Amino acid sequence: MEVLKNYIDGRWMESHEKATLDVVNPANQEVLARVPFGKKTVSDVNDAVKAATQALGEWRNVPVMRRVQPLYKLKLLLEEHTQEIARLITLECGKSFAESVAEMQRGIENVETACSTPILMQSEFSENIASGIDEFMIRQPLGVCACIAPFNFPGMIPFWFLPYAIACGNSFILKPSEKVPLTMMKVFELIDQLDLPRGLINLVHGGKESVDTLLDHKEVKAISFVGSTAIARYIYQRGAANGKRVQAQGGAKNPVVIMPDADIEMTAKIVADSVYGCAGQRCLAASNIVTVGDSRGVIKEALLEAAKNKTTGFGLDEGIEMGPVITPGSKSRIEDLIAKGVDEGAKLLLDGRKASIRGYETGNFVKPSILENVALDGELIHTEIFGPVMSLLPMDSLDQAIDFVNGNTYGNMACLFTSSGLNARTFRSRANAGNIGINIGVAAPMAQFPFSGWNDSFFGDLHGQGRHAIEFFTQTKVVIERWPKEWTRKF
Ligand code: NAD
């Protein structure tokens, strides 16, 4: 069984750590590889930081037009290898093949957007702020930047940061999730083909020890994190205490409000896709579905129908819409949360527990589930389930629904389904979340927009993607200049 190597200083290197974790196919528990995991990964991270620090001197002085050239090549390589990478995503992460291909597309879009860095990095100039004095601002790289990624989008999330960081003149270290390291191993085989200074982009494996080393290392200037809220908060606090720039995207519990004037058929399909896509393991998965007014009976039936029709199975098999969840532990946690909802007074309309898929009996499958009338004063209503579970909540008015949305401690996404422009305008103005969908079920910002979580879904100031990424990966320098005539030598 292959033990995965790190990619440090432009070479594949064995880890200092001999202990490993299994990388497992969640559809059948097949061991796909072994990933180094333990205390000695600290030495790997130190090697990576050293290489990344050495690469900086050369890279930061390369003109930005030249710094983006390898990204054009990376885009082509990623497109050429999308099917192969998508297959790996499905194997280690579980989502359907179509979802994996779509994920790679969103990653590639970030590489494309980062190719605009020569324009995005341009800055400001004021002539004559006082007589004969000019003032301008330039953007300079930070230094070594690191990214710690979650399991649920192994092919996309590193690209919210990596292409912008290097285009801005930084070097980069990626620590993928230990649950899904294979996708980035393949991507780094492609990165290895680019004409980049050695050590500019590095990959290290591991868990808490690797992450803490990045958080404490004085040469690491910026940390980009995506994962659960508890860890995001920890990363933000420890990184900031060490004087680093930190952006830490956390978990979510996303509400969707359905008004009586919404188109029932279209809404039910879109909302079911949002709840059950990627088996609910999306930070933008709809979870609490608020049905307003007298349409709730019809919409409930339509959602039930849409949920029952989802085909669950191994993501590489033909026609599969929903794969397994990531680990047996996740499966039992989700099943326990369904039971908790019932204990707290909800009615279980659709029970996806004890799912068994022929040929994949050992897989971590949970089928679509629906709870109705989940207690508003219970725990489930605020708990990120991260599985294919919909909670239905009847309410009387848009005002009541917005109050509910704004009682959420998270703030990743809030969506409204309506045919009224006024409802839409009221909702988008008042909803307390960073990504808003109007007749959209997964309000995932395109690469040119920031991925704008709020509240407990984000710790920091600048988000991933687009202009925010350019601002995050540069520091501004303001220059005030005077060239007095009498000081200028005449030739
Ligand atoms: P996680 O927090 O368990 O792990 C994320 C990363 O942190 C991994 O690389 C892991 O190795 C590392 N890590 C785990 N425990 C750590 C510790 N104690 N100290 C230091 N590092 C540690 O998250 P996950 O289960 O991989 O991903 C799912 C979570 O990510 C969900 O909560 C989901 O909502 C969230 N997520 C958020 C966004 C967003 O944009 N807001 C996007 C995707 C996923």
# chains A, B, ... in the order shown; residues from 1 in each chain; ligands from 1
call {"tool": "residues_near_ligand", "arguments": {"ligand": "ligand 1", "cutoff": "8 Å", "atoms": "only C-alpha atoms and all ligand atoms", "output": "compact mmCIF listing (two decimals) with all heavy atoms, in the first residue's frame"}}
result
# COMPACT_ATOMS: atom_id res chain seq x y z
N ILE A 148 -4.92 25.39 5.10
CA ILE A 148 -5.34 24.14 5.76
C ILE A 148 -6.75 23.86 5.26
O ILE A 148 -7.66 24.67 5.45
CB ILE A 148 -5.30 24.31 7.29
CG1 ILE A 148 -3.86 24.64 7.73
CG2 ILE A 148 -5.81 23.07 7.99
CD1 ILE A 148 -3.76 25.72 8.75
N ALA A 149 -6.93 22.71 4.61
CA ALA A 149 -8.17 22.47 3.86
C ALA A 149 -9.03 21.39 4.51
O ALA A 149 -8.52 20.52 5.22
CB ALA A 149 -7.81 22.08 2.43
N PRO A 150 -10.34 21.42 4.25
CA PRO A 150 -11.26 20.42 4.80
C PRO A 150 -11.41 19.23 3.84
O PRO A 150 -10.85 19.23 2.75
CB PRO A 150 -12.56 21.19 4.90
CG PRO A 150 -12.53 22.09 3.70
CD PRO A 150 -11.08 22.44 3.45
N PHE A 151 -12.24 18.26 4.26
CA PHE A 151 -12.37 17.05 3.42
C PHE A 151 -13.38 17.21 2.30
O PHE A 151 -13.35 16.46 1.31
CB PHE A 151 -12.76 15.84 4.30
CG PHE A 151 -14.24 15.76 4.61
CD1 PHE A 151 -15.13 15.22 3.69
CD2 PHE A 151 -14.75 16.23 5.81
CE1 PHE A 151 -16.49 15.16 3.96
CE2 PHE A 151 -16.09 16.19 6.10
CZ PHE A 151 -16.98 15.66 5.17
N ASN A 152 -14.33 18.17 2.41
CA ASN A 152 -15.52 18.03 1.57
C ASN A 152 -15.39 18.56 0.14
O ASN A 152 -16.19 18.19 -0.71
CB ASN A 152 -16.75 18.64 2.28
CG ASN A 152 -16.65 20.13 2.48
OD1 ASN A 152 -15.55 20.65 2.63
ND2 ASN A 152 -17.77 20.81 2.47
N PHE A 153 -14.40 19.43 -0.12
CA PHE A 153 -14.12 19.84 -1.51
C PHE A 153 -12.62 19.77 -1.76
O PHE A 153 -11.95 20.79 -1.91
CB PHE A 153 -14.66 21.25 -1.78
CG PHE A 153 -16.15 21.28 -2.02
CD1 PHE A 153 -17.03 21.48 -0.98
CD2 PHE A 153 -16.66 21.06 -3.30
CE1 PHE A 153 -18.41 21.46 -1.19
CE2 PHE A 153 -18.03 21.06 -3.52
CZ PHE A 153 -18.91 21.26 -2.46
N ILE A 157 -11.29 23.74 -2.91
CA ILE A 157 -11.00 24.74 -1.88
C ILE A 157 -9.54 25.24 -1.90
O ILE A 157 -9.32 26.45 -1.79
CB ILE A 157 -11.46 24.23 -0.50
CG1 ILE A 157 -13.00 24.33 -0.46
CG2 ILE A 157 -10.84 25.03 0.65
CD1 ILE A 157 -13.69 23.82 0.77
N LYS A 175 -1.78 22.13 3.32
CA LYS A 175 -1.99 20.91 4.12
C LYS A 175 -3.41 20.44 3.85
O LYS A 175 -4.38 20.99 4.36
CB LYS A 175 -1.80 21.23 5.62
CG LYS A 175 -1.36 20.04 6.43
CD LYS A 175 -2.30 19.25 7.22
CE LYS A 175 -3.64 19.55 7.62
NZ LYS A 175 -4.54 18.38 7.48
N PRO A 176 -3.55 19.43 2.97
CA PRO A 176 -4.90 18.94 2.68
C PRO A 176 -5.46 18.16 3.88
O PRO A 176 -4.71 17.81 4.79
CB PRO A 176 -4.71 18.01 1.48
CG PRO A 176 -3.27 17.63 1.49
CD PRO A 176 -2.51 18.68 2.26
N SER A 177 -6.75 17.88 3.84
CA SER A 177 -7.34 17.06 4.90
C SER A 177 -6.75 15.65 4.81
O SER A 177 -6.61 15.08 3.72
CB SER A 177 -8.86 16.99 4.71
OG SER A 177 -9.37 15.90 5.45
N GLU A 178 -6.43 15.08 5.96
CA GLU A 178 -5.87 13.73 6.00
C GLU A 178 -6.87 12.69 5.50
O GLU A 178 -6.50 11.57 5.16
CB GLU A 178 -5.41 13.39 7.44
CG GLU A 178 -6.50 13.37 8.51
CD GLU A 178 -6.87 14.76 9.05
OE1 GLU A 178 -6.48 15.77 8.43
OE2 GLU A 178 -7.58 14.81 10.07
N LYS A 179 -8.15 13.09 5.43
CA LYS A 179 -9.17 12.13 4.97
C LYS A 179 -9.14 12.01 3.44
O LYS A 179 -9.55 11.00 2.89
CB LYS A 179 -10.57 12.57 5.41
CG LYS A 179 -10.73 12.60 6.92
CD LYS A 179 -12.20 12.79 7.30
CE LYS A 179 -12.39 12.81 8.80
NZ LYS A 179 -12.36 14.17 9.37
N GLY A 206 -0.61 15.50 7.25
CA GLY A 206 -0.65 15.48 8.72
C GLY A 206 -1.92 16.05 9.27
O GLY A 206 -2.86 16.38 8.53
N GLY A 207 -1.94 16.19 10.59
CA GLY A 207 -3.13 16.70 11.29
C GLY A 207 -2.75 17.86 12.19
O GLY A 207 -2.04 18.78 11.76
N LYS A 208 -3.19 17.81 13.42
CA LYS A 208 -3.03 18.94 14.35
C LYS A 208 -1.57 19.39 14.49
O LYS A 208 -1.28 20.59 14.50
CB LYS A 208 -3.60 18.54 15.72
CG LYS A 208 -3.55 19.68 16.72
CD LYS A 208 -4.33 19.36 17.97
CE LYS A 208 -4.06 20.39 19.07
NZ LYS A 208 -4.18 21.79 18.64
N GLU A 209 -0.63 18.41 14.56
CA GLU A 209 0.78 18.79 14.75
C GLU A 209 1.27 19.65 13.60
O GLU A 209 1.95 20.66 13.79
CB GLU A 209 1.69 17.55 14.87
CG GLU A 209 1.51 16.75 16.14
CD GLU A 209 0.41 15.70 16.01
OE1 GLU A 209 -0.27 15.66 14.95
OE2 GLU A 209 0.22 14.93 16.97
N SER A 210 0.92 19.23 12.35
CA SER A 210 1.35 20.00 11.17
C SER A 210 0.75 21.39 11.22
O SER A 210 1.41 22.39 10.96
CB SER A 210 0.87 19.36 9.86
OG SER A 210 1.18 18.03 9.82
N VAL A 211 -0.55 21.43 11.56
CA VAL A 211 -1.26 22.71 11.55
C VAL A 211 -0.67 23.65 12.60
O VAL A 211 -0.38 24.83 12.33
CB VAL A 211 -2.77 22.48 11.80
CG1 VAL A 211 -3.50 23.81 11.93
CG2 VAL A 211 -3.38 21.65 10.69
N ASP A 212 -0.44 23.12 13.80
CA ASP A 212 0.11 23.97 14.87
C ASP A 212 1.49 24.50 14.50
O ASP A 212 1.84 25.64 14.85
CB ASP A 212 0.16 23.19 16.20
CG ASP A 212 -1.23 23.02 16.80
OD1 ASP A 212 -2.18 23.68 16.31
OD2 ASP A 212 -1.38 22.23 17.75
N PHE A 225 -7.74 29.09 6.24
CA PHE A 225 -8.31 27.85 6.78
C PHE A 225 -9.74 27.70 6.32
O PHE A 225 -10.50 28.68 6.28
CB PHE A 225 -8.27 27.86 8.31
CG PHE A 225 -9.01 26.69 8.92
CD1 PHE A 225 -8.36 25.48 9.12
CD2 PHE A 225 -10.36 26.80 9.27
CE1 PHE A 225 -9.06 24.39 9.65
CE2 PHE A 225 -11.04 25.72 9.81
CZ PHE A 225 -10.39 24.51 10.00
N VAL A 226 -10.14 26.47 6.02
CA VAL A 226 -11.55 26.15 5.79
C VAL A 226 -11.84 24.85 6.53
O VAL A 226 -11.09 23.87 6.37
CB VAL A 226 -11.88 26.01 4.29
CG1 VAL A 226 -13.37 25.72 4.10
CG2 VAL A 226 -11.49 27.26 3.52
N GLY A 227 -12.90 24.83 7.32
CA GLY A 227 -13.25 23.62 8.07
C GLY A 227 -14.36 23.92 9.06
O GLY A 227 -15.14 24.86 8.86
N SER A 228 -14.41 23.15 10.13
CA SER A 228 -15.51 23.31 11.09
C SER A 228 -15.30 24.57 11.94
O SER A 228 -14.17 25.06 12.08
CB SER A 228 -15.57 22.07 11.98
OG SER A 228 -14.33 21.91 12.63
N THR A 229 -16.37 25.05 12.54
CA THR A 229 -16.30 26.31 13.29
C THR A 229 -15.36 26.22 14.49
O THR A 229 -14.58 27.15 14.74
CB THR A 229 -17.71 26.75 13.72
OG1 THR A 229 -18.38 27.21 12.55
CG2 THR A 229 -17.68 27.88 14.74
N ALA A 230 -15.41 25.11 15.21
CA ALA A 230 -14.57 25.01 16.42
C ALA A 230 -13.10 25.15 16.03
O ALA A 230 -12.34 25.89 16.69
CB ALA A 230 -14.82 23.68 17.12
N ILE A 231 -12.70 24.49 14.95
CA ILE A 231 -11.28 24.56 14.55
C ILE A 231 -10.99 25.92 13.91
O ILE A 231 -9.90 26.48 14.12
CB ILE A 231 -10.93 23.39 13.59
CG1 ILE A 231 -11.37 22.04 14.16
CG2 ILE A 231 -9.42 23.37 13.30
CD1 ILE A 231 -10.71 21.61 15.43
N ALA A 232 -11.94 26.46 13.17
CA ALA A 232 -11.73 27.78 12.54
C ALA A 232 -11.46 28.83 13.62
O ALA A 232 -10.55 29.66 13.49
CB ALA A 232 -12.95 28.18 11.73
N TYR A 234 -10.28 28.32 16.63
CA TYR A 234 -8.96 28.02 17.21
C TYR A 234 -7.84 28.54 16.30
O TYR A 234 -6.89 29.17 16.76
CB TYR A 234 -8.86 26.50 17.40
CG TYR A 234 -7.47 25.99 17.62
CD1 TYR A 234 -6.84 26.16 18.86
CD2 TYR A 234 -6.77 25.33 16.61
CE1 TYR A 234 -5.54 25.68 19.06
CE2 TYR A 234 -5.49 24.85 16.80
CZ TYR A 234 -4.88 25.03 18.03
OH TYR A 234 -3.61 24.58 18.23
N ILE A 235 -7.97 28.27 15.00
CA ILE A 235 -6.94 28.69 14.02
C ILE A 235 -6.82 30.21 14.03
O ILE A 235 -5.72 30.77 14.04
CB ILE A 235 -7.33 28.22 12.59
CG1 ILE A 235 -7.44 26.70 12.52
CG2 ILE A 235 -6.44 28.83 11.51
CD1 ILE A 235 -6.19 25.95 12.30
N ALA A 248 -10.39 32.44 8.31
CA ALA A 248 -10.79 31.10 8.74
C ALA A 248 -12.29 30.92 8.50
O ALA A 248 -13.12 31.53 9.17
CB ALA A 248 -10.45 30.90 10.21
N GLN A 249 -12.59 30.11 7.49
CA GLN A 249 -14.00 29.87 7.12
C GLN A 249 -14.48 28.65 7.89
O GLN A 249 -13.82 27.61 7.89
CB GLN A 249 -14.10 29.68 5.60
CG GLN A 249 -13.43 30.85 4.87
CD GLN A 249 -13.83 31.04 3.44
OE1 GLN A 249 -13.24 31.89 2.77
NE2 GLN A 249 -14.79 30.30 2.93
N GLY A 250 -15.63 28.77 8.53
CA GLY A 250 -16.11 27.71 9.41
C GLY A 250 -17.36 27.01 8.91
O GLY A 250 -17.68 27.03 7.72
N GLY A 251 -18.08 26.41 9.84
CA GLY A 251 -19.25 25.59 9.51
C GLY A 251 -20.50 26.42 9.23
O GLY A 251 -20.44 27.64 9.11
N ALA A 252 -21.63 25.74 9.14
CA ALA A 252 -22.85 26.43 8.71
C ALA A 252 -24.09 25.67 9.13
O ALA A 252 -24.02 24.48 9.46
CB ALA A 252 -22.83 26.59 7.20
N LYS A 253 -25.20 26.39 9.11
CA LYS A 253 -26.52 25.76 9.30
C LYS A 253 -27.46 26.64 8.49
O LYS A 253 -27.96 27.65 8.98
CB LYS A 253 -26.89 25.78 10.79
CG LYS A 253 -28.24 25.20 11.12
CD LYS A 253 -28.21 23.71 11.13
CE LYS A 253 -29.55 23.12 11.53
NZ LYS A 253 -29.53 21.65 11.45
N GLN A 281 -23.00 17.25 2.62
CA GLN A 281 -21.68 17.63 3.17
C GLN A 281 -21.13 18.85 2.42
O GLN A 281 -20.08 18.79 1.78
CB GLN A 281 -20.71 16.45 3.05
CG GLN A 281 -21.17 15.24 3.85
CD GLN A 281 -20.25 14.06 3.67
OE1 GLN A 281 -19.66 13.58 4.61
NE2 GLN A 281 -20.12 13.60 2.44
N ARG A 282 -21.89 19.91 2.46
CA ARG A 282 -21.50 21.15 1.80
C ARG A 282 -21.72 22.26 2.81
O ARG A 282 -22.75 22.29 3.49
CB ARG A 282 -22.46 21.43 0.62
CG ARG A 282 -21.91 21.07 -0.71
CD ARG A 282 -22.67 21.67 -1.85
NE ARG A 282 -24.06 21.33 -1.92
CZ ARG A 282 -24.72 21.10 -3.05
NH1 ARG A 282 -24.07 21.13 -4.20
NH2 ARG A 282 -26.00 20.86 -3.06
N CYS A 283 -20.81 23.22 2.86
CA CYS A 283 -21.03 24.33 3.80
C CYS A 283 -22.16 25.21 3.31
O CYS A 283 -22.62 26.08 4.03
CB CYS A 283 -19.76 25.12 4.00
SG CYS A 283 -19.28 25.99 2.52
N LEU A 284 -22.61 25.01 2.07
CA LEU A 284 -23.75 25.76 1.55
C LEU A 284 -24.97 24.85 1.36
O LEU A 284 -25.85 25.14 0.55
CB LEU A 284 -23.39 26.46 0.24
CG LEU A 284 -22.33 27.56 0.33
CD1 LEU A 284 -22.06 28.17 -1.03
CD2 LEU A 284 -22.73 28.65 1.30
N GLU A 384 -25.03 21.91 13.09
CA GLU A 384 -24.68 21.57 11.71
C GLU A 384 -24.71 20.04 11.60
O GLU A 384 -23.95 19.35 12.28
CB GLU A 384 -23.28 22.09 11.35
CG GLU A 384 -22.89 21.73 9.92
CD GLU A 384 -21.53 22.29 9.49
OE1 GLU A 384 -20.59 22.30 10.30
OE2 GLU A 384 -21.42 22.69 8.31
N PHE A 386 -24.43 18.24 8.60
CA PHE A 386 -23.47 17.83 7.56
C PHE A 386 -23.81 16.43 7.03
O PHE A 386 -22.96 15.55 6.90
CB PHE A 386 -22.03 17.88 8.10
CG PHE A 386 -21.09 18.54 7.13
CD1 PHE A 386 -21.37 19.79 6.60
CD2 PHE A 386 -19.92 17.91 6.71
CE1 PHE A 386 -20.52 20.42 5.70
CE2 PHE A 386 -19.07 18.51 5.81
CZ PHE A 386 -19.37 19.77 5.30
N ASN A 412 -23.47 31.55 6.98
CA ASN A 412 -22.82 31.26 5.69
C ASN A 412 -23.73 31.59 4.52
O ASN A 412 -23.32 32.21 3.55
CB ASN A 412 -22.42 29.78 5.63
CG ASN A 412 -21.04 29.60 5.04
OD1 ASN A 412 -20.21 30.52 5.12
ND2 ASN A 412 -20.80 28.46 4.43
N PHE A 451 -16.04 34.58 -1.06
CA PHE A 451 -16.90 33.55 -0.45
C PHE A 451 -17.25 34.05 0.95
O PHE A 451 -16.57 33.78 1.93
CB PHE A 451 -16.15 32.22 -0.39
CG PHE A 451 -17.06 31.07 -0.20
CD1 PHE A 451 -17.44 30.28 -1.28
CD2 PHE A 451 -17.59 30.77 1.05
CE1 PHE A 451 -18.31 29.22 -1.10
CE2 PHE A 451 -18.46 29.72 1.24
CZ PHE A 451 -18.81 28.94 0.15
N GLY A 453 -18.80 34.19 4.06
CA GLY A 453 -19.47 33.78 5.29
C GLY A 453 -19.44 34.88 6.34
O GLY A 453 -18.56 35.75 6.32
N SER A 457 -19.56 31.47 10.91
CA SER A 457 -19.09 30.79 9.68
C SER A 457 -17.81 31.41 9.15
O SER A 457 -17.27 30.95 8.14
CB SER A 457 -20.16 30.89 8.57
OG SER A 457 -21.31 30.19 8.96
N PHE A 458 -17.32 32.45 9.81
CA PHE A 458 -16.09 33.08 9.30
C PHE A 458 -15.40 33.90 10.39
O PHE A 458 -16.04 34.68 11.09
CB PHE A 458 -16.41 34.00 8.11
CG PHE A 458 -15.19 34.66 7.55
CD1 PHE A 458 -14.26 33.92 6.83
CD2 PHE A 458 -14.94 36.00 7.75
CE1 PHE A 458 -13.11 34.50 6.33
CE2 PHE A 458 -13.79 36.61 7.25
CZ PHE A 458 -12.88 35.86 6.54
call {"tool": "select_by_dssp", "arguments": {"residues": "stretch 277-440 of chain A", "states": "alpha helix (DSSP H)", "output": "ChimeraX atom specification"}}
result
/A:296-308,328-343,398-406,421-430
call {"tool": "residues_around", "arguments": {"residues": "A:Ile173", "least_positions_apart": "6", "cutoff": "10 Å", "atoms": "only C-alpha atoms", "output": "PyMOL selection string"}}
result
chain A and resi 7-8+45+48-49+51-52+144-148+162+199-204+214+220+223
call {"tool": "closest_residue", "arguments": {"among": "A:Asn423, A:Gln69, A:Gln448, A:Asn455", "to": "A:Leu120", "atoms": "only C-alpha atoms"}}
result
A:Gln448
call {"tool": "atom_distance", "arguments": {"atom1": "atom CA of A:Lys244", "atom2": "atom CA of A:Arg66"}}
result
27.7 Å
call {"tool": "closest_residue", "arguments": {"among": "A:Asp263, A:Asp294, A:Glu124, A:Glu481", "to": "A:Asn439", "atoms": "only C-alpha atoms"}}
result
A:Asp263
call {"tool": "closest_atom_pairs", "arguments": {"of": "stretch 320-395 of chain A", "to": "stretch 295-304 of chain A", "cutoff": "10 Å", "atoms": "only C-alpha atoms", "output": "Markdown table"}}
result
| residue | atom | partner | partner_atom | distance |
| --- | --- | --- | --- | --- |
| A:Leu349 | CA | A:Leu304 | CA | 8.0 |
| A:Leu350 | CA | A:Leu304 | CA | 7.5 |
| A:Pro368 | CA | A:Leu304 | CA | 9.3 |
| A:Ser369 | CA | A:Leu304 | CA | 9.0 |
| A:Ile370 | CA | A:Leu304 | CA | 7.6 |
| A:Glu372 | CA | A:Lys300 | CA | 9.1 |
| A:Met390 | CA | A:Leu303 | CA | 9.4 |
| A:Leu392 | CA | A:Lys300 | CA | 8.1 |
| A:Leu393 | CA | A:Arg296 | CA | 9.2 |
| A:Pro394 | CA | A:Arg296 | CA | 7.0 |
| A:Met395 | CA | A:Arg296 | CA | 9.1 |
call {"tool": "select_by_dssp", "arguments": {"residues": "stretch 114-332 of chain A", "states": "strand (DSSP E)", "output": "ChimeraX atom specification"}}
result
/A:125-130,133-141,144-148,171-175,201-203,220-226,245-249,254-258,286-292
call {"tool": "closest_atom_pairs", "arguments": {"of": "stretch 430-466 of chain A", "to": "stretch 100-114 of chain A", "cutoff": "9 Å", "atoms": "only C-alpha atoms", "output": "tab-separated table"}}
result
residue	atom	partner	partner_atom	distance
A:Met446	CA	A:Arg106	CA	7.6
A:Ala447	CA	A:Asn110	CA	5.1
A:Gln448	CA	A:Thr113	CA	6.3
A:Gln465	CA	A:Asn110	CA	6.9
A:Gly466	CA	A:Thr113	CA	6.8
call {"tool": "write_last_selection", "arguments": {"atoms": "N, CA, C and O atoms", "output": "PDB file, in the first residue's frame"}}
result
ATOM      1  N   MET A 446     -19.191  32.967  -7.394  1.00  0.00           N
ATOM      2  CA  MET A 446     -18.236  32.655  -8.456  1.00  0.00           C
ATOM      3  C   MET A 446     -16.855  33.179  -8.044  1.00  0.00           C
ATOM      4  O   MET A 446     -16.733  33.986  -7.123  1.00  0.00           O
ATOM      5  N   ALA A 447     -15.834  32.742  -8.775  1.00  0.00           N
ATOM      6  CA  ALA A 447     -14.456  33.038  -8.357  1.00  0.00           C
ATOM      7  C   ALA A 447     -14.163  34.529  -8.242  1.00  0.00           C
ATOM      8  O   ALA A 447     -13.313  34.938  -7.460  1.00  0.00           O
ATOM      9  N   GLN A 448     -14.889  35.360  -9.002  1.00  0.00           N
ATOM     10  CA  GLN A 448     -14.579  36.803  -8.949  1.00  0.00           C
ATOM     11  C   GLN A 448     -15.216  37.495  -7.740  1.00  0.00           C
ATOM     12  O   GLN A 448     -14.984  38.673  -7.518  1.00  0.00           O
ATOM     13  N   GLN A 465     -11.139  33.913  -2.579  1.00  0.00           N
ATOM     14  CA  GLN A 465     -11.536  34.210  -3.962  1.00  0.00           C
ATOM     15  C   GLN A 465     -11.437  35.713  -4.305  1.00  0.00           C
ATOM     16  O   GLN A 465     -11.571  36.576  -3.457  1.00  0.00           O
ATOM     17  N   GLY A 466     -11.284  35.963  -5.610  1.00  0.00           N
ATOM     18  CA  GLY A 466     -11.422  37.290  -6.197  1.00  0.00           C
ATOM     19  C   GLY A 466     -10.574  38.380  -5.563  1.00  0.00           C
ATOM     20  O   GLY A 466      -9.452  38.150  -5.124  1.00  0.00           O
TER      21      GLY A 466
END
call {"tool": "residues_around", "arguments": {"residues": "A:Val3", "least_positions_apart": "6", "cutoff": "9 Å", "atoms": "only C-alpha atoms", "output": "NGL selection string"}}
result
:A and (14 or 20 or 33-36)
call {"tool": "write_last_selection", "arguments": {"atoms": "all heavy atoms", "output": "short mmCIF file (atom, residue, chain, number, x, y, z; two decimals), in the first residue's frame"}}
result
data_model
loop_
_atom_site.label_atom_id
_atom_site.label_comp_id
_atom_site.auth_asym_id
_atom_site.auth_seq_id
_atom_site.Cartn_x
_atom_site.Cartn_y
_atom_site.Cartn_z
N GLU A 14 9.84 11.60 1.24
CA GLU A 14 9.20 10.79 2.29
C GLU A 14 9.05 11.59 3.57
O GLU A 14 9.92 12.40 3.89
CB GLU A 14 10.07 9.57 2.58
CG GLU A 14 9.70 8.40 1.71
CD GLU A 14 10.59 7.20 1.97
OE1 GLU A 14 11.06 7.03 3.11
OE2 GLU A 14 10.80 6.44 1.00
N THR A 20 1.00 6.15 10.12
CA THR A 20 0.11 6.58 9.03
C THR A 20 -1.36 6.41 9.42
O THR A 20 -1.69 5.67 10.34
CB THR A 20 0.35 5.73 7.75
OG1 THR A 20 0.13 4.36 8.07
CG2 THR A 20 1.73 5.94 7.18
N ALA A 33 -4.83 4.33 0.20
CA ALA A 33 -3.43 4.73 0.41
C ALA A 33 -3.24 4.95 1.90
O ALA A 33 -4.20 4.84 2.68
CB ALA A 33 -3.13 6.02 -0.35
N ARG A 34 -2.01 5.28 2.29
CA ARG A 34 -1.75 5.63 3.69
C ARG A 34 -1.10 7.00 3.74
O ARG A 34 -0.23 7.31 2.92
CB ARG A 34 -0.82 4.60 4.35
CG ARG A 34 -1.43 3.22 4.36
CD ARG A 34 -1.01 2.39 5.58
NE ARG A 34 -2.01 1.35 5.79
CZ ARG A 34 -1.94 0.13 5.25
NH1 ARG A 34 -0.92 -0.21 4.49
NH2 ARG A 34 -2.89 -0.75 5.48
N VAL A 35 -1.53 7.80 4.70
CA VAL A 35 -1.02 9.17 4.78
C VAL A 35 -0.27 9.36 6.09
O VAL A 35 -0.74 8.92 7.14
CB VAL A 35 -2.21 10.16 4.61
CG1 VAL A 35 -3.23 10.05 5.74
CG2 VAL A 35 -1.74 11.59 4.48
N PRO A 36 0.94 9.97 6.03
CA PRO A 36 1.70 10.19 7.27
C PRO A 36 0.90 11.01 8.26
O PRO A 36 0.26 12.01 7.88
CB PRO A 36 2.93 10.99 6.79
CG PRO A 36 3.02 10.74 5.34
CD PRO A 36 1.64 10.47 4.85
#
call {"tool": "atom_distance", "arguments": {"atom1": "atom CA of A:Lys354", "atom2": "atom CA of A:Val389"}}
result
13.9 Å
call {"tool": "atom_distance", "arguments": {"atom1": "atom CA of A:Ser419", "atom2": "atom CA of A:Asn432"}}
result
21.2 Å
call {"tool": "closest_residue", "arguments": {"among": "A:Ile385, A:Ala98, A:Leu416, A:Ala55", "to": "A:Val290", "atoms": "only C-alpha atoms"}}
result
A:Leu416
call {"tool": "residues_around", "arguments": {"residues": "A:Met65", "least_positions_apart": "6", "cutoff": "10 Å", "atoms": "only C-alpha atoms", "output": "ChimeraX atom specification"}}
result
/A:115-119,167
call {"tool": "closest_residue", "arguments": {"among": "A:Asn254, A:Gln140, A:Thr213, A:Thr82", "to": "A:Glu471", "atoms": "only C-alpha atoms"}}
result
A:Gln140
call {"tool": "closest_residue", "arguments": {"among": "A:Ser420, A:Gln122, A:Asn6, A:Thr291", "to": "A:Leu174", "atoms": "only C-alpha atoms"}}
result
A:Asn6
call {"tool": "residues_around", "arguments": {"residues": "A:Glu84", "least_positions_apart": "6", "cutoff": "10 Å", "atoms": "only C-alpha atoms", "output": "PyMOL selection string"}}
result
chain A and resi 78+101+183+186
call {"tool": "residues_around", "arguments": {"residues": "A:Met259", "least_positions_apart": "5", "cutoff": "6 Å", "atoms": "only C-alpha atoms", "output": "list in words"}}
result
Val292, Phe417 and Thr418 of chain A
